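Have a look at the structure below before the remarks.
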Amino acid sequence: MVLESLAPNLIQKKRNDNKQKGLENISLRKKITKQFLCNKKHKIIRAESYTSSYKKKNELLVREKYLAKKEGKFFVPSQSKVFFVIRIKGINGVPPNIKKILQLIRLKQVNNGIFLKVNSSTIQMLKKIEPFVAYGYPSLKTIKKLLSHKGYGKIGKRGDWQRISLSDDRVIEQALIAIGVLSLDDVINEIFTCGDRFKEVNNFLWPFRLKSPKKGFSKIGKNKHVSEKGTYGNWENEIDELILKMT
């Protein structure tokens, strides 16, 4: 008799619990949807802001070039803020100190490429490893192309990283939402402008895996400096041409 009287109460309690869980799930879904729509709105606003900023900078550059030409002066563009560095040689004949620097900047394999902030430390470091790398100042167009078509991020834990394509903004949001980076547009802007979150964003990026260029790096080969029509060293703004050949 006691069990029979308890049964309806247990059934009702289970129903109430299920109803409460259902309400909580609905509430959670609403919060997630609201956050998704909010993030989507922020992404659109930021993308428009970046486009406007890039356009203004380009217009200013064109005007400065025009004025310099009109006044008969040489035009000296402002220094780029980021290097793109490509490892052009394998492991044979690499001294231990050079190998250590290459590993430090994550250039562990030939044809790997990475971004580096332009400062006195990185310039000195590149001088030490110069015979093993080609580097220069990538344009906004090239940075966009690299990240859109060749960009991968790392998800997981140290020692167990997963290489995930950046084609889905959710990958970026999952990894970088804590620093306010939500989309590929945010990543491109941080890299191009060397923003406050450049270090975190750059560390999130997997080293780019480029192809060996068709018809080789140059007619002379990889053992001559780019100034001698070789390959290694600072290509400056012409690095775009090399990256294009390797993508």
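Note on naming: chains are A, B, ... as they come in the structure tokens, residues start from 1 per chain, ligands start from 1 in the order shown.
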*Tell me which protein, DNA and RNA residues are within 8 Å of stretch 206-219 of chain A, counting only C-alpha atoms, leaving out same-chain ones fewer than 5 positions away, and put them as a ChimeraX atom specification.*
/A:106-107,111-114,150-154,163,229-231,242,245-247
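Using only C-alpha atoms, the protein and nucleic acid residues lying no more than 10 Å from A:Val171, apart from those fewer than 2 places from it along its own chain, are A:Tyr152, A:Gly153, A:Lys154, A:Ile155, A:Ile164, A:Ser165, A:Leu166, A:Ser167, A:Asp168, A:Asp169, A:Glu173, A:Gln174, A:Ala175, A:Leu176, A:Ile177, A:Leu182, A:Ser183, A:Leu184.
Among the candidates A:Leu205, A:Ile191, A:Ile243, A:Leu140, the residue lying nearest to A:Ile172 is A:Leu205 (atoms considered: only C-alpha atoms).
For the set A:Ile88, A:Ala178, A:Val187, A:Asn223, the residue with the smallest atom-to-atom gap to A:Tyr135 is A:Ile88, counting only C-alpha atoms.
Residues in contact with A:Asp240 at up to 10 Å, not including ones fewer than 3 positions away on its chain and judged by only C-alpha atoms, are Phe84, Tyr135, Gly136, Tyr137, Pro138, Ser139, Leu140, Lys141, Thr142, Ile143, Trp235, Glu236, Asn237, Ile243, Leu244, Lys245 and Met246 of chain A.
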Let me see the file: selected residues, all heavy atoms, as a tab-separated table (two decimals), in the first residue's frame.
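So part31.tsv came out as:
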```
chain	number	residue	atom	x	y	z
A	84	PHE	N	56.98	38.35	-43.35
A	84	PHE	CA	56.60	36.95	-43.60
A	84	PHE	C	57.90	36.23	-43.92
A	84	PHE	O	58.64	36.65	-44.81
A	84	PHE	CB	55.61	36.80	-44.75
A	84	PHE	CG	55.06	35.40	-44.85
A	84	PHE	CD1	54.14	34.93	-43.92
A	84	PHE	CD2	55.48	34.54	-45.86
A	84	PHE	CE1	53.64	33.63	-43.98
A	84	PHE	CE2	54.99	33.24	-45.93
A	84	PHE	CZ	54.07	32.79	-45.00
A	135	TYR	N	62.55	36.36	-46.73
A	135	TYR	CA	61.55	37.10	-45.95
A	135	TYR	C	61.31	38.47	-46.58
A	135	TYR	O	62.04	38.92	-47.47
A	135	TYR	CB	61.98	37.25	-44.49
A	135	TYR	CG	63.29	37.98	-44.28
A	135	TYR	CD1	63.31	39.33	-43.97
A	135	TYR	CD2	64.52	37.31	-44.38
A	135	TYR	CE1	64.51	40.00	-43.77
A	135	TYR	CE2	65.72	37.97	-44.18
A	135	TYR	CZ	65.71	39.32	-43.88
A	135	TYR	OH	66.90	39.98	-43.69
A	136	GLY	N	60.26	39.12	-46.10
A	136	GLY	CA	59.93	40.44	-46.63
A	136	GLY	C	58.64	40.96	-46.03
A	136	GLY	O	58.14	40.40	-45.04
A	137	TYR	N	58.11	42.02	-46.62
A	137	TYR	CA	56.94	42.71	-46.06
A	137	TYR	C	55.71	42.39	-46.91
A	137	TYR	O	55.54	42.96	-48.00
A	137	TYR	CB	57.18	44.22	-46.05
A	137	TYR	CG	58.53	44.62	-45.48
A	137	TYR	CD1	59.50	45.23	-46.30
A	137	TYR	CD2	58.85	44.37	-44.16
A	137	TYR	CE1	60.74	45.59	-45.79
A	137	TYR	CE2	60.09	44.73	-43.65
A	137	TYR	CZ	61.02	45.34	-44.46
A	137	TYR	OH	62.25	45.69	-43.96
A	138	PRO	N	54.86	41.49	-46.47
A	138	PRO	CA	53.69	41.12	-47.26
A	138	PRO	C	52.64	42.22	-47.29
A	138	PRO	O	52.46	42.94	-46.32
A	138	PRO	CB	53.15	39.88	-46.54
A	138	PRO	CG	53.56	40.08	-45.11
A	138	PRO	CD	54.91	40.77	-45.18
A	139	SER	N	51.95	42.34	-48.41
A	139	SER	CA	50.88	43.33	-48.54
A	139	SER	C	49.62	42.81	-47.85
A	139	SER	O	49.51	41.61	-47.53
A	139	SER	CB	50.58	43.58	-50.01
A	139	SER	OG	50.07	42.40	-50.62
A	140	LEU	N	48.67	43.69	-47.66
A	140	LEU	CA	47.38	43.30	-47.08
A	140	LEU	C	46.72	42.23	-47.94
A	140	LEU	O	46.18	41.25	-47.41
A	140	LEU	CB	46.47	44.53	-46.96
A	140	LEU	CG	45.02	44.26	-46.51
A	140	LEU	CD1	44.98	43.64	-45.12
A	140	LEU	CD2	44.21	45.56	-46.54
A	141	LYS	N	46.78	42.40	-49.26
A	141	LYS	CA	46.17	41.43	-50.17
A	141	LYS	C	46.77	40.04	-49.98
A	141	LYS	O	46.05	39.03	-49.95
A	141	LYS	CB	46.37	41.90	-51.62
A	141	LYS	CG	45.72	41.00	-52.65
A	141	LYS	CD	45.96	41.53	-54.06
A	141	LYS	CE	45.34	40.60	-55.11
A	141	LYS	NZ	45.57	41.11	-56.49
A	142	THR	N	48.10	39.98	-49.83
A	142	THR	CA	48.78	38.70	-49.66
A	142	THR	C	48.46	38.08	-48.31
A	142	THR	O	48.24	36.86	-48.20
A	142	THR	CB	50.30	38.88	-49.81
A	142	THR	OG1	50.58	39.33	-51.14
A	142	THR	CG2	51.04	37.58	-49.56
A	143	ILE	N	48.41	38.89	-47.25
A	143	ILE	CA	48.05	38.39	-45.92
A	143	ILE	C	46.65	37.79	-45.94
A	143	ILE	O	46.40	36.72	-45.39
A	143	ILE	CB	48.15	39.52	-44.87
A	143	ILE	CG1	49.62	39.91	-44.67
A	143	ILE	CG2	47.54	39.08	-43.54
A	143	ILE	CD1	49.83	41.14	-43.80
A	235	TRP	N	63.51	40.16	-49.29
A	235	TRP	CA	62.89	40.46	-50.57
A	235	TRP	C	62.11	41.78	-50.51
A	235	TRP	O	61.59	42.23	-51.53
A	235	TRP	CB	61.91	39.34	-50.95
A	235	TRP	CG	62.57	38.08	-51.41
A	235	TRP	CD1	63.45	37.30	-50.72
A	235	TRP	CD2	62.35	37.42	-52.67
A	235	TRP	NE1	63.82	36.21	-51.45
A	235	TRP	CE2	63.15	36.24	-52.65
A	235	TRP	CE3	61.58	37.70	-53.78
A	235	TRP	CZ2	63.18	35.37	-53.73
A	235	TRP	CZ3	61.61	36.81	-54.85
A	235	TRP	CH2	62.40	35.66	-54.82
A	236	GLU	N	61.99	42.34	-49.30
A	236	GLU	CA	61.21	43.55	-49.08
A	236	GLU	C	59.78	43.36	-49.60
A	236	GLU	O	59.17	42.33	-49.35
A	236	GLU	CB	61.92	44.76	-49.69
A	236	GLU	CG	63.29	45.01	-49.06
A	236	GLU	CD	63.97	46.25	-49.56
A	236	GLU	OE1	63.46	46.89	-50.50
A	236	GLU	OE2	65.04	46.60	-49.00
A	237	ASN	N	59.26	44.30	-50.39
A	237	ASN	CA	57.87	44.19	-50.85
A	237	ASN	C	57.67	43.13	-51.93
A	237	ASN	O	56.53	42.73	-52.21
A	237	ASN	CB	57.37	45.54	-51.38
A	237	ASN	CG	57.33	46.61	-50.29
A	237	ASN	OD1	56.99	46.31	-49.15
A	237	ASN	ND2	57.68	47.83	-50.63
A	243	ILE	N	55.64	34.45	-52.49
A	243	ILE	CA	54.50	33.78	-51.83
A	243	ILE	C	53.50	33.31	-52.87
A	243	ILE	O	52.97	32.18	-52.77
A	243	ILE	CB	53.84	34.75	-50.82
A	243	ILE	CG1	54.78	35.06	-49.67
A	243	ILE	CG2	52.55	34.13	-50.27
A	243	ILE	CD1	54.30	36.19	-48.76
A	244	LEU	N	53.24	34.13	-53.87
A	244	LEU	CA	52.30	33.77	-54.93
A	244	LEU	C	52.76	32.51	-55.66
A	244	LEU	O	51.96	31.61	-55.97
A	244	LEU	CB	52.16	34.92	-55.93
A	244	LEU	CG	51.15	34.73	-57.07
A	244	LEU	CD1	49.74	34.56	-56.52
A	244	LEU	CD2	51.19	35.91	-58.03
A	245	LYS	N	54.08	32.40	-55.92
A	245	LYS	CA	54.62	31.23	-56.59
A	245	LYS	C	54.50	29.96	-55.74
A	245	LYS	O	54.47	28.86	-56.27
A	245	LYS	CB	56.11	31.46	-56.93
A	245	LYS	CG	56.34	32.42	-58.07
A	245	LYS	CD	57.82	32.76	-58.21
A	245	LYS	CE	58.64	31.57	-58.65
A	245	LYS	NZ	60.06	31.92	-58.85
A	246	MET	N	54.43	30.15	-54.42
A	246	MET	CA	54.42	29.01	-53.50
A	246	MET	C	53.03	28.66	-52.99
A	246	MET	O	52.86	27.77	-52.18
A	246	MET	CB	55.36	29.28	-52.33
A	246	MET	CG	56.80	29.50	-52.75
A	246	MET	SD	57.94	29.76	-51.37
A	246	MET	CE	58.06	28.11	-50.68
```
_Between atom CA of A:Met125 and atom CA of A:Glu241 - distance in Å to one decimal_ = 23.5 Å
*Taking the backbone alone, and naming residues the way the document does, which bits of stretch 164-198 of chain A are helix (DSSP H, G or I) by DSSP, as a PyMOL selection string?*
chain A and resi 169-179+184-193+198
Just write the chosen residues, N, CA and C atoms, as a compact mmCIF listing (two decimals), in the first residue's frame.
```
# COMPACT_ATOMS: atom_id res chain seq x y z
N ASP A 169 34.58 30.55 -38.78
CA ASP A 169 34.86 31.53 -37.72
C ASP A 169 34.70 30.93 -36.32
N ARG A 170 33.92 29.86 -36.20
CA ARG A 170 33.71 29.25 -34.89
C ARG A 170 35.00 28.70 -34.30
N VAL A 171 35.90 28.25 -35.18
CA VAL A 171 37.22 27.77 -34.72
C VAL A 171 37.99 28.91 -34.08
N ILE A 172 37.99 30.07 -34.75
CA ILE A 172 38.68 31.25 -34.24
C ILE A 172 38.04 31.73 -32.95
N GLU A 173 36.72 31.78 -32.94
CA GLU A 173 35.99 32.25 -31.76
C GLU A 173 36.26 31.36 -30.56
N GLN A 174 36.27 30.05 -30.78
CA GLN A 174 36.51 29.10 -29.70
C GLN A 174 37.88 29.31 -29.06
N ALA A 175 38.88 29.57 -29.91
CA ALA A 175 40.26 29.69 -29.41
C ALA A 175 40.60 31.07 -28.88
N LEU A 176 40.01 32.12 -29.45
CA LEU A 176 40.48 33.49 -29.18
C LEU A 176 39.41 34.44 -28.62
N ILE A 177 38.25 33.92 -28.26
CA ILE A 177 37.19 34.81 -27.76
C ILE A 177 37.62 35.54 -26.49
N ALA A 178 38.50 34.92 -25.71
CA ALA A 178 38.96 35.54 -24.46
C ALA A 178 39.72 36.84 -24.70
N ILE A 179 40.31 36.99 -25.89
CA ILE A 179 41.04 38.24 -26.20
C ILE A 179 40.25 39.10 -27.19
N LEU A 184 37.82 35.71 -38.92
CA LEU A 184 39.00 35.78 -39.78
C LEU A 184 39.39 37.23 -40.06
N ASP A 185 38.40 38.11 -40.17
CA ASP A 185 38.68 39.54 -40.37
C ASP A 185 39.48 40.11 -39.21
N ASP A 186 39.14 39.67 -37.99
CA ASP A 186 39.89 40.12 -36.81
C ASP A 186 41.33 39.63 -36.86
N VAL A 187 41.51 38.37 -37.26
CA VAL A 187 42.86 37.78 -37.36
C VAL A 187 43.69 38.54 -38.39
N ILE A 188 43.10 38.79 -39.56
CA ILE A 188 43.80 39.52 -40.63
C ILE A 188 44.22 40.90 -40.14
N ASN A 189 43.33 41.59 -39.45
CA ASN A 189 43.63 42.94 -38.97
C ASN A 189 44.74 42.94 -37.93
N GLU A 190 44.71 41.97 -37.00
CA GLU A 190 45.75 41.89 -35.97
C GLU A 190 47.12 41.64 -36.59
N ILE A 191 47.17 40.78 -37.60
CA ILE A 191 48.44 40.46 -38.25
C ILE A 191 48.93 41.66 -39.07
N PHE A 192 48.07 42.23 -39.88
CA PHE A 192 48.47 43.33 -40.78
C PHE A 192 48.92 44.57 -40.01
N THR A 193 48.20 44.89 -38.93
CA THR A 193 48.50 46.11 -38.17
C THR A 193 49.44 45.86 -37.00
N PHE A 198 48.62 40.74 -31.38
CA PHE A 198 49.39 40.08 -32.43
C PHE A 198 50.04 38.79 -31.92
```
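Atom CA of A:Lys89 is found 7.8 Å from atom CA of A:Lys222.
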*Name the residues in contact with A:Val82 at a cut-off of 6 Å, using only C-alpha atoms, excluding same-chain residues fewer than 3 positions from it; report them as JSON, numbers by chain.*
{"A": [116, 117, 118]}
*Using DSSP on the backbone coordinates, identify all residues within stretch 66-137 of chain A classified as strand (DSSP E or B); present the result as a PyMOL selection string.*
chain A and resi 82-87+112-117+133-136
Once you have the residues from the selection above, write them out as an mmCIF file, in the first residue's frame, restricted to C-alpha atoms.
```cif
data_model
loop_
_atom_site.group_PDB
_atom_site.id
_atom_site.type_symbol
_atom_site.label_atom_id
_atom_site.label_comp_id
_atom_site.auth_asym_id
_atom_site.auth_seq_id
_atom_site.Cartn_x
_atom_site.Cartn_y
_atom_site.Cartn_z
ATOM 1 C CA VAL A 82 55.219 42.583 -40.152
ATOM 2 C CA PHE A 83 57.588 40.143 -41.856
ATOM 3 C CA PHE A 84 56.602 36.954 -43.599
ATOM 4 C CA VAL A 85 59.455 34.459 -43.281
ATOM 5 C CA ILE A 86 59.861 31.302 -45.387
ATOM 6 C CA ARG A 87 62.336 28.529 -44.671
ATOM 7 C CA ASN A 112 57.123 26.526 -43.869
ATOM 8 C CA GLY A 113 56.179 30.180 -43.444
ATOM 9 C CA ILE A 114 55.356 32.360 -40.442
ATOM 10 C CA PHE A 115 54.635 35.977 -39.544
ATOM 11 C CA LEU A 116 57.048 37.969 -37.371
ATOM 12 C CA LYS A 117 56.670 41.436 -35.897
ATOM 13 C CA VAL A 133 65.261 31.947 -45.128
ATOM 14 C CA ALA A 134 63.556 34.317 -47.543
ATOM 15 C CA TYR A 135 61.550 37.103 -45.953
ATOM 16 C CA GLY A 136 59.932 40.440 -46.633
#
```
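Shortest separation to A:Ile129 among A:Asn203, A:Ser80, A:Gln103, A:Gln162 occurs at residue A:Gln103, atoms counted being only C-alpha atoms.
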